[in-house]
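Asker: Below is a structure I'd like to ask you about.
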Amino acid sequence: MRVMAQMGMVMNLDKCIGCHTCSVTCKQAWTNRAGTEYVWFNNVETRPGQGYPRRYEDQDKWRGGWDLNKRGKLVLKAGGRVKKMFGLFASPVQPELKDYYEPWTYDYKTLVDAPLGDDFPVARPKSLITGEDTKVTWSANWDDNLGGSAENGHLDPLVEKVRRESEDKIKFAYEQTFMFYLPRICEHCLNPSCMASCPSGAIYKRVEDGIVLVDQDKCRGWRQCVTGCPYKKIYFNHKTGKAEKCTFCYPRVEVGIPTVCSETCVGRLRYLGLFLYDADAVTAAASVTDPQELYDAQMDVLLDPNDPAVQAEARAQDIPEDWIDAAVRSPVYALAKVYKVALPLHPEYRTMPMVWYVPPLSPVVDLLRDQGHDGEDHGNLFGAIDALRIPVEYLAELFTAGDADRVTAVLKKLAAMRSFMRGISMGNDPDESIAEAVGMDGQTMYEMYRLMAIAKYDERYVIPKAHVEQAHDLEEMGCSLDFDGGPGMQDSSPFGEASGRPVPVAVDTFNALRDRQTSDEVSAGTSLKGRVNLLNWDGRGAPPGLFPDKGPEPGTLAAAEDQP
Amino acid sequence: MVTLETEPGVAVELSALDIVLWGVLPYVMVVVLVGGLVWRYKYDQFGWTTRSSQLYESKLLRVASPLFHFGLLAVIAGHFFGLVIPMSWTEAVGMSQDFYHFNALFVGGIAGIGTLGGIILLIYRRRTTGPVFMATTKNDKTMYVVLTAAIVFGLWTTLASVFEGEHGHNYRETVAPWFRSLFIFQPDIAAMAAAPFSFHLHTLVGMALFIIWPFTRLVHAFTAPFHYLFRPYIVYRSRDRDGGRAGGRAGTRPGGRAGSRSGASAVHNANAPAGKRGWSAVGTEDRDTRNR
């Protein structure tokens, strides 16, 4: 047994209102720069829907993740090492920009610059790739709230599958009743197929916290990882020619604060914490023959942090005491393994994803309410969960490789909790029979309710800090996603966009903060080197470099007008 | 003017230009190539990439890029065969000059035409696909000119010998000995000077290509990921726990062994000399190790 720690996330889908705040703040923090216009480390999909990039779950086409070969051994679905080497010159199944979308902006300047005329000036959409006029035809959330699902709904690979397996008679009922949001980030898998696909060995998993990162210095742009990741959460930066991905906001997590997407989530639906897992058992678990047993296998890989034997082994592996303590208090472990209400996304890809989801009960409750039933009554709910085959089967395709029973069990737990807690709020005695009906007891159910409904900041985010004695190593660990023209990035050089040596994020931020704290000036621009963005601007005044140079008279007012 | 006797009775007059071009320039080229590569590898890891444009356009690339690259690999193999292996060796194994010539023409011609077709398609794609053209730097354009010229002139030397037939120039008596003599630092300038103009041109453009190589996107060729064939699938990177022994590497191969990692060693000691960190079975050391 080799105990390792893994940062994980759980998202409670019942609470997601699809506001995209996580996506927007993530983009602002990480991918708001040239080359990553189309990149969303975090995106929110409306399901049923095609997802982003379009139909990424169709692995017959995109060949992501792992497969078992005839001898039952784990192999990359897109082919092994030799085949990948032959695919270096043109990656055989790489999504193109049209599978994502052509990013665009609007020509706002015309609105103020247009000469006097009969026509009212309009801000035309301009492609961020070519700079030419463009027609906006798709985006990262084009089918938001089932938009266009009458035309495109059938293109969801899961819909296709569920329809094939069910009868066509229910398809209309299903389309009318059922919608939820699915926020997605990188899964930071235990058995990542992107990493296995990388010819350069640039993608790595941090031993300390399991965060999967791309070493920007080692990446040579062979782009096999894009194919390898079944979730299509590795993106190719077309300016730098390097792969980029969700970083689990490692500079934040290292100092004990939650990721940007979690921090800014309006519904407070995200939980962050540690898993302890047995690294030696991962490959065997991912090689289980029956895809529907992968969930159980993944559960077995997760170790009980309360187990003294596990703790002893963790100590032997140099996992610090406060990390073991954090694992004991981990909300993600509780939701995934103690209460068993959080499920992994597409376990059948065999990557052992570490971002988990509590499936939504709301489609069922909404339907009951719309039909005039009591949507809080556990009898009604249990009956409805059993009767509503289609939403359950759809959820099963997402979370349990098609095992509807498992999803039903989770939904019943959520229904029971709802019913159980209503009884208590109404002033009745706790109805133990409700809890027992789903194999729990009243006390556990109450604890689960506390964690899922009213857990405060420090209960939702249990993030042990990286150790001070290790901080020096962490800051230079080699994954610096820098900004084009931003911190640590040199100007365009003769070797192509953004070549040169990037300064680690933490170092640049540290210098900027220190300058700000020790200076009496309105803005201490020394460490910003003339490059100011929303991350390192402290809001005080307008330091040089805040606005682009504007001709011979770089007046603040003139420059400000330039901003849309 | 220097007069040398290469063969008894045959005196070849070497001009200063010959000496510069075939005696000095090759070494300058090697110095720039190696020095440039080392310098760039050290200081521009972030810029060291293929700068793939497949995201913009895939259809043409899927034909043109393998055609060009595989053609080029065949061309490189042909150069090795023609330049490095002496004529006496092939004759010793019973390969007649005609047979060699036919092979060189046939295989070399196909490889050359494939490479040229590939690069023409690639350039066409680069020029006509809007986003790809926009992503093309001046550096790229210069590189394309030199690269295409090298291929065209090289193909010319090959095809010219088709029309010249038996009377074609046998480069294995001029260029090849010169090439081999460079490695023992006794350049056979006279042999090279005796080669026809087309070979001179091809060689010069080739040297120009190698001189600009480290400063263009071509550098990606020098990091061809052969180590991928041997490394573990799953890569862990760690802080320096192992005192620089195993480099904190723990790898698992699906269905295979799990790399062992000593966990018994003490906690990180800040005073200890920086050991090797990170995955380092094959390939390059981590940037952070180098920085200390």
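Order determines the names: the first chain of the structure tokens is A, the second B, and so forth; residues in each chain are numbered 1 upward, and ligands are numbered 1 upward as they are shown.
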I'd like a table as a Markdown table: residues in chain A with an atom no more than 6 Å from chain B, each row giving the shortest atom pair and its distance in Å to one decimal, only C-alpha atoms counted, sorted by chain and rising residue number.
Answerer:
| residue | atom | partner | partner_atom | distance |
| --- | --- | --- | --- | --- |
| A:Lys73 | CA | B:Gly255 | CA | 5.9 |
| A:Leu74 | CA | B:Pro254 | CA | 5.5 |
| A:Arg81 | CA | B:Leu229 | CA | 5.8 |
| A:Phe89 | CA | B:Pro66 | CA | 5.4 |
| A:Ala90 | CA | B:Arg62 | CA | 5.2 |
| A:Glu96 | CA | B:Leu55 | CA | 4.7 |
| A:Leu97 | CA | B:Leu55 | CA | 5.5 |
| A:Thr130 | CA | B:Pro131 | CA | 5.3 |
| A:Ala196 | CA | B:Tyr233 | CA | 4.3 |
| A:Pro199 | CA | B:Tyr228 | CA | 4.9 |
| A:Ser200 | CA | B:Pro225 | CA | 5.5 |
| A:Tyr204 | CA | B:Val235 | CA | 5.0 |
| A:Lys205 | CA | B:Tyr236 | CA | 4.7 |
| A:Arg206 | CA | B:Arg237 | CA | 5.2 |
| A:Val207 | CA | B:Ser238 | CA | 5.2 |
| A:Asp217 | CA | B:Phe46 | CA | 4.5 |
| A:Arg220 | CA | B:Thr49 | CA | 4.1 |
| A:Gly221 | CA | B:Thr49 | CA | 5.4 |
| A:Gly241 | CA | B:Arg51 | CA | 4.2 |
| A:Thr283 | CA | B:Pro254 | CA | 5.5 |
| A:Gln317 | CA | B:Gly263 | CA | 4.7 |
| A:Glu476 | CA | B:Asp288 | CA | 5.8 |
| A:Ser499 | CA | B:Gly47 | CA | 3.8 |
| A:Gly500 | CA | B:Asp44 | CA | 4.6 |
| A:Arg501 | CA | B:Asp44 | CA | 5.9 |
Asker: For the selection you just gave me, I'd like the residues written to a file as a PDB file, in the first residue's frame, keeping C-alpha atoms.
Answerer:
ATOM      1  CA  LYS A  73      -4.846  -4.900 -20.068  1.00  0.00           C
ATOM      2  CA  LEU A  74      -5.305  -1.178 -19.895  1.00  0.00           C
ATOM      3  CA  ARG A  81       3.134   4.528 -27.690  1.00  0.00           C
ATOM      4  CA  PHE A  89       3.019  14.870 -37.554  1.00  0.00           C
ATOM      5  CA  ALA A  90      -0.740  15.247 -37.696  1.00  0.00           C
ATOM      6  CA  GLU A  96     -10.491  21.686 -34.381  1.00  0.00           C
ATOM      7  CA  LEU A  97     -11.485  25.180 -33.459  1.00  0.00           C
ATOM      8  CA  THR A 130      -8.524  36.174 -37.847  1.00  0.00           C
ATOM      9  CA  ALA A 196      -0.059   8.805 -20.579  1.00  0.00           C
ATOM     10  CA  PRO A 199       5.133  12.089 -25.701  1.00  0.00           C
ATOM     11  CA  SER A 200       7.283  14.669 -23.930  1.00  0.00           C
ATOM     12  CA  TYR A 204       2.686  15.341 -14.321  1.00  0.00           C
ATOM     13  CA  LYS A 205       0.809  14.645 -11.151  1.00  0.00           C
ATOM     14  CA  ARG A 206       2.086  16.279  -8.009  1.00  0.00           C
ATOM     15  CA  VAL A 207       2.927  13.690  -5.404  1.00  0.00           C
ATOM     16  CA  ASP A 217       8.752  24.400 -20.401  1.00  0.00           C
ATOM     17  CA  ARG A 220       6.641  20.601 -27.123  1.00  0.00           C
ATOM     18  CA  GLY A 221       3.194  20.945 -28.613  1.00  0.00           C
ATOM     19  CA  GLY A 241       1.970  26.227 -29.060  1.00  0.00           C
ATOM     20  CA  THR A 283      -3.954   0.487 -12.219  1.00  0.00           C
ATOM     21  CA  GLN A 317       5.031   7.999   3.423  1.00  0.00           C
ATOM     22  CA  GLU A 476       9.449  26.762  -8.959  1.00  0.00           C
ATOM     23  CA  SER A 499       9.076  32.502 -26.041  1.00  0.00           C
ATOM     24  CA  GLY A 500      11.643  33.043 -23.345  1.00  0.00           C
ATOM     25  CA  ARG A 501      11.637  32.104 -19.701  1.00  0.00           C
TER      26      ARG A 501
END
Asker: For Tyr124 (chain B), which residue among B:Tyr144, B:Gly109, B:Leu155, B:Ala195 is the nearest when counting only C-alpha atoms?
Answerer: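 With only C-alpha atoms as the atom set, the closest residue is B:Tyr144.
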Asker: Would you give me, as a PyMOL selection string, the residues in region 144-213 of chain B that DSSP reads as alpha helix (DSSP H)?
Answerer: chain B and resi 144-164+175-183+189-193+197-212
Asker: Could you check the closest approach to Tyr231 (chain A) for each of A:Glu57, A:Glu436, A:Asp296, A:Glu37 and tell me which residue wins, using only C-alpha atoms?
Answerer: A:Glu57
Asker: What's the separation between CA of Gly87 (chain A) and CA of Gly35 (chain A), in Å to one decimal place?
Answerer: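 So the two atoms, CA of Gly87 (chain A) and CA of Gly35 (chain A), lie 23.6 Å apart.
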Asker: Which one is closest to Gln298 (chain A): A:Met1, A:Val341, A:Ala281, A:Val112? Count only C-alpha atoms.
Answerer: A:Ala281
Asker: So how many Å separate CA of Ser161 (chain B) and CA of Leu21 (chain B), to one decimal?
Answerer: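 Separation of CA of Ser161 (chain B) and CA of Leu21 (chain B): 23.9 Å.
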Asker: Which value, in Å to one decimal, gives the distance between CA of His20 (chain A) and CA of Cys261 (chain A)?
Answerer: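 Spanning CA of His20 (chain A) to CA of Cys261 (chain A) is a straight-line distance of 9.5 Å.
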Asker: Using only C-alpha atoms, which protein or nucleic acid residues come within 9 Å of Ile319 (chain A)? Drop anything in the same chain fewer than 3 positions from it, and give the result as a PyMOL selection string.
Answerer: chain A and resi 3-5+208+313-316+322-324
Asker: Can I get the selection written as a PDB file, in the first residue's frame, with N, CA and C atoms?
Answerer:
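Listing of again_29.pdb after writing:
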ATOM      1  N   VAL A   3       0.234   5.092   0.344  1.00  0.00           N
ATOM      2  CA  VAL A   3      -0.786   6.105   0.584  1.00  0.00           C
ATOM      3  C   VAL A   3      -0.350   7.427  -0.030  1.00  0.00           C
ATOM      4  N   MET A   4      -1.211   8.013  -0.815  1.00  0.00           N
ATOM      5  CA  MET A   4      -0.928   9.336  -1.358  1.00  0.00           C
ATOM      6  C   MET A   4      -2.139  10.227  -1.129  1.00  0.00           C
ATOM      7  N   ALA A   5      -1.891  11.524  -1.103  1.00  0.00           N
ATOM      8  CA  ALA A   5      -2.976  12.484  -0.883  1.00  0.00           C
ATOM      9  C   ALA A   5      -3.411  13.075  -2.210  1.00  0.00           C
ATOM     10  N   GLU A 208       2.387  15.491  -3.859  1.00  0.00           N
ATOM     11  CA  GLU A 208       1.871  16.031  -2.604  1.00  0.00           C
ATOM     12  C   GLU A 208       0.357  16.119  -2.593  1.00  0.00           C
ATOM     13  N   GLU A 313       0.466   4.256   7.751  1.00  0.00           N
ATOM     14  CA  GLU A 313       1.112   4.147   6.450  1.00  0.00           C
ATOM     15  C   GLU A 313       1.332   5.542   5.845  1.00  0.00           C
ATOM     16  N   ALA A 314       0.349   6.426   6.038  1.00  0.00           N
ATOM     17  CA  ALA A 314       0.473   7.790   5.526  1.00  0.00           C
ATOM     18  C   ALA A 314       1.668   8.487   6.164  1.00  0.00           C
ATOM     19  N   ARG A 315       1.823   8.286   7.465  1.00  0.00           N
ATOM     20  CA  ARG A 315       2.974   8.892   8.153  1.00  0.00           C
ATOM     21  C   ARG A 315       4.273   8.325   7.617  1.00  0.00           C
ATOM     22  N   ALA A 316       4.253   7.022   7.370  1.00  0.00           N
ATOM     23  CA  ALA A 316       5.456   6.388   6.832  1.00  0.00           C
ATOM     24  C   ALA A 316       5.799   6.957   5.458  1.00  0.00           C
ATOM     25  N   ASP A 322      -0.855  17.453   9.661  1.00  0.00           N
ATOM     26  CA  ASP A 322      -2.037  18.282   9.413  1.00  0.00           C
ATOM     27  C   ASP A 322      -2.745  17.880   8.123  1.00  0.00           C
ATOM     28  N   TRP A 323      -2.033  17.234   7.235  1.00  0.00           N
ATOM     29  CA  TRP A 323      -2.693  16.734   6.018  1.00  0.00           C
ATOM     30  C   TRP A 323      -3.548  15.523   6.359  1.00  0.00           C
ATOM     31  N   ILE A 324      -3.047  14.669   7.251  1.00  0.00           N
ATOM     32  CA  ILE A 324      -3.854  13.515   7.678  1.00  0.00           C
ATOM     33  C   ILE A 324      -5.101  14.023   8.393  1.00  0.00           C
TER      34      ILE A 324
END
